[in-house]
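What follows is a single structure, written as structure tokens, with notes after it.
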Amino acid sequence: MDLNQKTLALAAEAEASLAACFAQIDDIALHNTNKVLSAFSKYRVSEGHFSGTTGYGYDDKGRDDLERIYAEVFGTQDALVRVQFVNGTHAIGTALFGALEPGQKLVCAMGMPYDTMIQVIGIDQPRFGSLAAWGVKTEVVPLAGRMPNIDALREACADETVGAVLIQRSRGYADRISLSCAQIGALCQAVRAVNSHAYIVVDNCYGEFVEKTEPTQHGADAVVGSLIKNPGGGLAPGGAYIAGSHEYIERCAARMTVPGIGRECGATNGVNRALYQGFFMAPHTTAQALKTAHFGAALLDRLGFTVDPKPLDVRHDIIQTICFGSPEPLLQFCRGIQAGAPVDAYVTPEPWDMPGYDCPIVMAAGAFIQGASIELSCDAPMRQPYTAYMQGGLTYESGKLGILRAAQLIRSKEA
């Protein structure tokens with residue numbers, strides 16, 4: 001699709017307004033790149049780290065040192081970084097099973113958790129394999145408007161049976177704020193004021209490297225995330241991570257595999273190079289995604305749509321929401337994003353009943369790695385108020401072009 005002069009002029013206007021935001025993003029990327037490089041140097045990364053293992057995966061130095069590097073960067077004692085995790089939900093579920101025992105309670109600090117976690121926890125019903133079926137009760141702390149309810153959280157966590165608190169950093173498919181690390185720190189303080197033993201677990205998906213610090217440097221016991229989001233840098237072919245204390249990681253490892261095997265097994269099958277290179281690229285790639293989000297907000301705001309965060313807002317994750325108010329412009333935007341992708345640009349996104357969700361979902365994702373939301377993608381539940389959730393952009397240039405194509409497609413349908 002050729003871009004017309006009206007679209008290009010609007011783009012130039014939007015981009016000119018973002019100079020200060022882009023400078024701040026570059027400063028954060030420089031800081032975080034320095035952290036990653038320092039960790040690589042400390043653990044003397046060399047060609048031998050990239051060879052990997054097969055079969056059982058014993059004595060995989062590349063895997064084991066990468067976990068030490070993650071722990072160093074996230075400010076924790078230990079980490080699991082494994083391609084055996086099928087997605088972020090799998091890793092978060094593992095982290096919660098590692099933290100909790102039958103008879104204990106889980107507190108969800110930010111209202112209802114992300115759609116796919118509801119079934120893992122067993123909030124609707126104690127389906128087989130869920131925390132509820134295992135004997136764990138759950139209390140969902142309601143939000144105070146779009147903000148966390150610290151008083152209600154403190155009251156919920158005073159219960160001695162509370163064994164874990166789940167804090168979701170990004171907004172998910174909810175009308176609420178994304179949390180800064182400082183805000184997560186305030187939630188941690190509220191929990192610790194009444195409960196000294198519960199594990200505070202942060203779903204860090206979409207938030208890594210957006211700030212100069214991570215939640216584990218503000219009081220959280222553990223962070224969990226997907227490698228096909230920020231920390232994979234667009235190169236990791238799959239997997240996820242959990243970072244926390246030695247004792248906690250051992251508990252999670254026993255749930256990741258089985259007790260007695262734990263973390264000792266897990267072949268890397270030739271992907272170590274991509275995992276290392278992706279983590280090296282992650283601060284820069286995250287910066288590209290943030291610039292894409294700012295640009296998308298500035299452009300769509302000028303077209304009259306409601307965006308959150310606003311174009312000049314400070315970001316705490318890479319997600320940008322655009323409220324379209326009706327299904328047609330939402331579908332056109334997703335189709336425009338798909339048309340501007342490097343992969344599968346020829347296909348037309350249609351809503352479908354995606355596993356783990358309670359309504360049809362439309363997804364635009366022309367990605368090199370299937371489902372990689374650090375690459376430019378846009379998805380939305382097909383329900384009121386018809387809000388799209390855009391994230392990613394391996395390069396700002398490609399992200400910008402994808403958004404311009406989507407915006408022009410919307411305007412052409414309105415004409």
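Naming works like this for the structure tokens: A, B, ... for the chains as they're shown, residue 1 at the start of each chain, ligands 1 onward in shown order.
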Looking only at helix (DSSP H, G or I) from DSSP on the backbone, list the matching residues of range 94-323 of chain A as a ChimeraX atom specification.
/A:94-99,115-121,150-157,181-192,215-217,230-232,246-256,262-264,272-302
Those selected residues, please, written with C-alpha atoms and delivered as an mmCIF file, in the first residue's frame.
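Writing done, so here's part-v7.cif:
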data_model
loop_
_atom_site.group_PDB
_atom_site.id
_atom_site.type_symbol
_atom_site.label_atom_id
_atom_site.label_comp_id
_atom_site.auth_asym_id
_atom_site.auth_seq_id
_atom_site.Cartn_x
_atom_site.Cartn_y
_atom_site.Cartn_z
ATOM 1 C CA THR A 94 4.859 -23.015 37.343
ATOM 2 C CA ALA A 95 5.900 -20.070 39.515
ATOM 3 C CA LEU A 96 2.598 -20.159 41.420
ATOM 4 C CA PHE A 97 2.671 -23.928 41.907
ATOM 5 C CA GLY A 98 6.249 -23.506 43.163
ATOM 6 C CA ALA A 99 5.156 -20.880 45.663
ATOM 7 C CA ASP A 115 -7.551 -14.346 30.693
ATOM 8 C CA THR A 116 -5.310 -17.397 30.257
ATOM 9 C CA MET A 117 -4.364 -17.387 33.970
ATOM 10 C CA ILE A 118 -7.982 -17.671 35.103
ATOM 11 C CA GLN A 119 -8.084 -21.325 34.074
ATOM 12 C CA VAL A 120 -4.646 -22.069 35.545
ATOM 13 C CA ILE A 121 -5.785 -20.670 38.888
ATOM 14 C CA ILE A 150 -3.577 -0.958 48.575
ATOM 15 C CA ASP A 151 -5.843 -0.972 51.653
ATOM 16 C CA ALA A 152 -7.837 -3.934 50.330
ATOM 17 C CA LEU A 153 -4.603 -5.734 49.404
ATOM 18 C CA ARG A 154 -3.215 -5.241 52.901
ATOM 19 C CA GLU A 155 -6.430 -6.610 54.403
ATOM 20 C CA ALA A 156 -6.443 -9.658 52.103
ATOM 21 C CA CYS A 157 -2.805 -10.520 52.824
ATOM 22 C CA CYS A 181 8.441 -0.637 39.356
ATOM 23 C CA ALA A 182 7.959 1.997 42.059
ATOM 24 C CA GLN A 183 4.231 1.207 42.234
ATOM 25 C CA ILE A 184 5.031 -2.499 42.465
ATOM 26 C CA GLY A 185 7.409 -1.629 45.299
ATOM 27 C CA ALA A 186 4.562 0.105 47.151
ATOM 28 C CA LEU A 187 2.391 -3.020 46.754
ATOM 29 C CA CYS A 188 5.244 -5.164 48.080
ATOM 30 C CA GLN A 189 5.561 -2.922 51.125
ATOM 31 C CA ALA A 190 1.829 -3.219 51.777
ATOM 32 C CA VAL A 191 2.034 -7.017 51.647
ATOM 33 C CA ARG A 192 5.122 -7.175 53.859
ATOM 34 C CA PRO A 215 10.374 -5.393 40.166
ATOM 35 C CA THR A 216 12.780 -7.682 42.045
ATOM 36 C CA GLN A 217 14.836 -4.590 42.855
ATOM 37 C CA ASN A 230 10.933 -8.278 25.603
ATOM 38 C CA PRO A 231 13.828 -10.397 26.948
ATOM 39 C CA GLY A 232 14.091 -12.564 23.836
ATOM 40 C CA HIS A 246 17.836 -20.007 45.152
ATOM 41 C CA GLU A 247 15.269 -21.733 47.357
ATOM 42 C CA TYR A 248 12.324 -20.472 45.328
ATOM 43 C CA ILE A 249 13.862 -21.395 41.978
ATOM 44 C CA GLU A 250 14.465 -24.935 43.221
ATOM 45 C CA ARG A 251 10.785 -25.167 44.161
ATOM 46 C CA CYS A 252 9.773 -23.942 40.705
ATOM 47 C CA ALA A 253 12.195 -26.332 38.994
ATOM 48 C CA ALA A 254 10.528 -29.271 40.729
ATOM 49 C CA ARG A 255 7.240 -28.148 39.172
ATOM 50 C CA MET A 256 8.778 -27.368 35.778
ATOM 51 C CA GLY A 262 14.293 -30.340 38.852
ATOM 52 C CA ARG A 263 16.600 -28.105 36.849
ATOM 53 C CA GLU A 264 19.252 -30.714 36.075
ATOM 54 C CA ASN A 272 21.589 -21.151 23.099
ATOM 55 C CA ARG A 273 23.051 -18.737 20.568
ATOM 56 C CA ALA A 274 19.632 -17.240 19.838
ATOM 57 C CA LEU A 275 18.836 -16.933 23.558
ATOM 58 C CA TYR A 276 22.121 -15.156 24.290
ATOM 59 C CA GLN A 277 21.930 -12.905 21.261
ATOM 60 C CA GLY A 278 18.278 -12.124 21.941
ATOM 61 C CA PHE A 279 19.000 -11.120 25.544
ATOM 62 C CA PHE A 280 21.872 -8.945 24.329
ATOM 63 C CA MET A 281 19.498 -7.250 21.865
ATOM 64 C CA ALA A 282 16.610 -6.992 24.334
ATOM 65 C CA PRO A 283 17.210 -3.464 25.731
ATOM 66 C CA HIS A 284 17.531 -2.043 22.211
ATOM 67 C CA THR A 285 14.600 -4.031 20.818
ATOM 68 C CA THR A 286 12.406 -2.992 23.740
ATOM 69 C CA ALA A 287 13.330 0.624 23.006
ATOM 70 C CA GLN A 288 12.220 0.167 19.407
ATOM 71 C CA ALA A 289 8.889 -1.236 20.593
ATOM 72 C CA LEU A 290 8.429 1.695 22.983
ATOM 73 C CA LYS A 291 9.080 4.226 20.230
ATOM 74 C CA THR A 292 6.560 2.397 18.048
ATOM 75 C CA ALA A 293 3.971 2.577 20.855
ATOM 76 C CA HIS A 294 4.523 6.308 21.371
ATOM 77 C CA PHE A 295 4.215 6.917 17.647
ATOM 78 C CA GLY A 296 1.046 4.837 17.403
ATOM 79 C CA ALA A 297 -0.505 6.785 20.279
ATOM 80 C CA ALA A 298 0.418 10.140 18.750
ATOM 81 C CA LEU A 299 -0.935 9.227 15.312
ATOM 82 C CA LEU A 300 -4.187 7.561 16.415
ATOM 83 C CA ASP A 301 -4.833 10.365 18.897
ATOM 84 C CA ARG A 302 -4.675 12.797 16.004
#
Give the strand (DSSP E) residues of range 181-338 of chain A, as DSSP finds them on the backbone, and put them as a ChimeraX atom specification.
/A:199-203,222-226,240-244,306-308,320-323
Restricting the calculation to only C-alpha atoms: of A:Asp308, A:Arg82, A:Leu8, A:Ile177, which residue gets closest to Thr257 in chain A?
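The shortest atom-to-atom distance to Thr257 in chain A comes from A:Arg82.
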In Å to one decimal, how far is CA of Gly135 in chain A from CA of Gly103 in chain A?
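CA of Gly103 in chain A sits 5.5 Å away from CA of Gly135 in chain A.
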For each of A:Gly234, A:Ser412, A:Gly57, A:Met382, take the minimum atom-to-atom distance to Thr395 in chain A, counting only C-alpha atoms, then give the residue where this is smallest.
A:Gly234
Identify, on the basis of only C-alpha atoms, every residue whose closest approach to Lys137 in chain A does not exceed 7 Å; exclude the query and any residue fewer than 4 positions from it along the same chain; express the result as an NGL selection string.
:A and (104-106 or 132)
Report as a list in words all protein, DNA and RNA residues lying within 7 Å of range 30-32 of chain A, evaluated on only C-alpha atoms, omitting residues in the same chain fewer than 3 positions from it.
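The neighbour list is Asp26, Asp27, Lys35, Val36, Phe209, Lys212 and Pro283 of chain A.
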Write the residues of the preceding selection, restricted to C-alpha atoms, as a compact mmCIF listing (two decimals), in the first residue's frame.
# COMPACT_ATOMS: atom_id res chain seq x y z
CA ASP A 26 17.44 5.91 24.41
CA ASP A 27 18.87 6.77 27.84
CA LYS A 35 23.76 -4.06 32.65
CA VAL A 36 23.53 -6.87 30.10
CA PHE A 209 13.85 -3.25 30.17
CA LYS A 212 16.17 1.09 34.51
CA PRO A 283 17.21 -3.46 25.73
Counting only C-alpha atoms, what is within 6 Å of Gly111 in chain A, bar same-chain residues fewer than 4 positions away, as an mmCIF file with N, CA and C atoms, in the first residue's frame?
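Printed below is part09.cif as written:
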data_model
loop_
_atom_site.group_PDB
_atom_site.id
_atom_site.type_symbol
_atom_site.label_atom_id
_atom_site.label_comp_id
_atom_site.auth_asym_id
_atom_site.auth_seq_id
_atom_site.Cartn_x
_atom_site.Cartn_y
_atom_site.Cartn_z
ATOM 1 N N VAL A 140 -9.417 -12.465 44.813
ATOM 2 C CA VAL A 140 -9.137 -11.412 43.845
ATOM 3 C C VAL A 140 -9.423 -10.066 44.495
ATOM 4 N N VAL A 141 -8.392 -9.249 44.628
ATOM 5 C CA VAL A 141 -8.556 -7.920 45.223
ATOM 6 C C VAL A 141 -9.059 -6.968 44.138
ATOM 7 N N PRO A 142 -10.229 -6.384 44.313
ATOM 8 C CA PRO A 142 -10.751 -5.484 43.279
ATOM 9 C C PRO A 142 -9.930 -4.210 43.197
ATOM 10 N N LEU A 143 -9.915 -3.624 42.018
ATOM 11 C CA LEU A 143 -9.197 -2.377 41.810
ATOM 12 C C LEU A 143 -9.975 -1.209 42.401
#
Identify, on the basis of only C-alpha atoms, every residue whose closest approach to Tyr114 in chain A does not exceed 10 Å; exclude the query and any residue fewer than 5 positions from it along the same chain; express the result as a list in words.
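Within the cut-off, the hits are Thr89, Gln119, Gln168, Ser170, Arg171, Gly172, Tyr173, Ala174, Asp203, Gly356 and Tyr357 of chain A.
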How would the residues just picked look written out with C-alpha atoms as a PDB file, in the first residue's frame?
ATOM      1  CA  THR A  89       1.295 -18.527  31.114  1.00  0.00           C
ATOM      2  CA  GLN A 119      -8.084 -21.325  34.074  1.00  0.00           C
ATOM      3  CA  GLN A 168       0.329  -8.422  37.061  1.00  0.00           C
ATOM      4  CA  SER A 170       0.820  -5.001  32.375  1.00  0.00           C
ATOM      5  CA  ARG A 171      -2.832  -4.177  31.847  1.00  0.00           C
ATOM      6  CA  GLY A 172      -3.854  -7.339  30.002  1.00  0.00           C
ATOM      7  CA  TYR A 173      -7.350  -7.046  28.504  1.00  0.00           C
ATOM      8  CA  ALA A 174      -8.445  -4.738  31.324  1.00  0.00           C
ATOM      9  CA  ASP A 203       3.978 -11.287  36.016  1.00  0.00           C
ATOM     10  CA  GLY A 356      -8.086 -19.677  26.885  1.00  0.00           C
ATOM     11  CA  TYR A 357     -10.352 -16.710  26.055  1.00  0.00           C
TER      12      TYR A 357
END
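Taking CA of Val165 in chain A as the reference point, CA of Cys108 in chain A is found at 5.9 Å.
Going from CA of Val201 in chain A to CA of Glu160 in chain A covers 17.3 Å.
For the choices A:Ala133, A:Val162, A:Ile228, A:Val271, the atom-to-atom distance to Ser51 in chain A is smallest for A:Val271 when using only C-alpha atoms.
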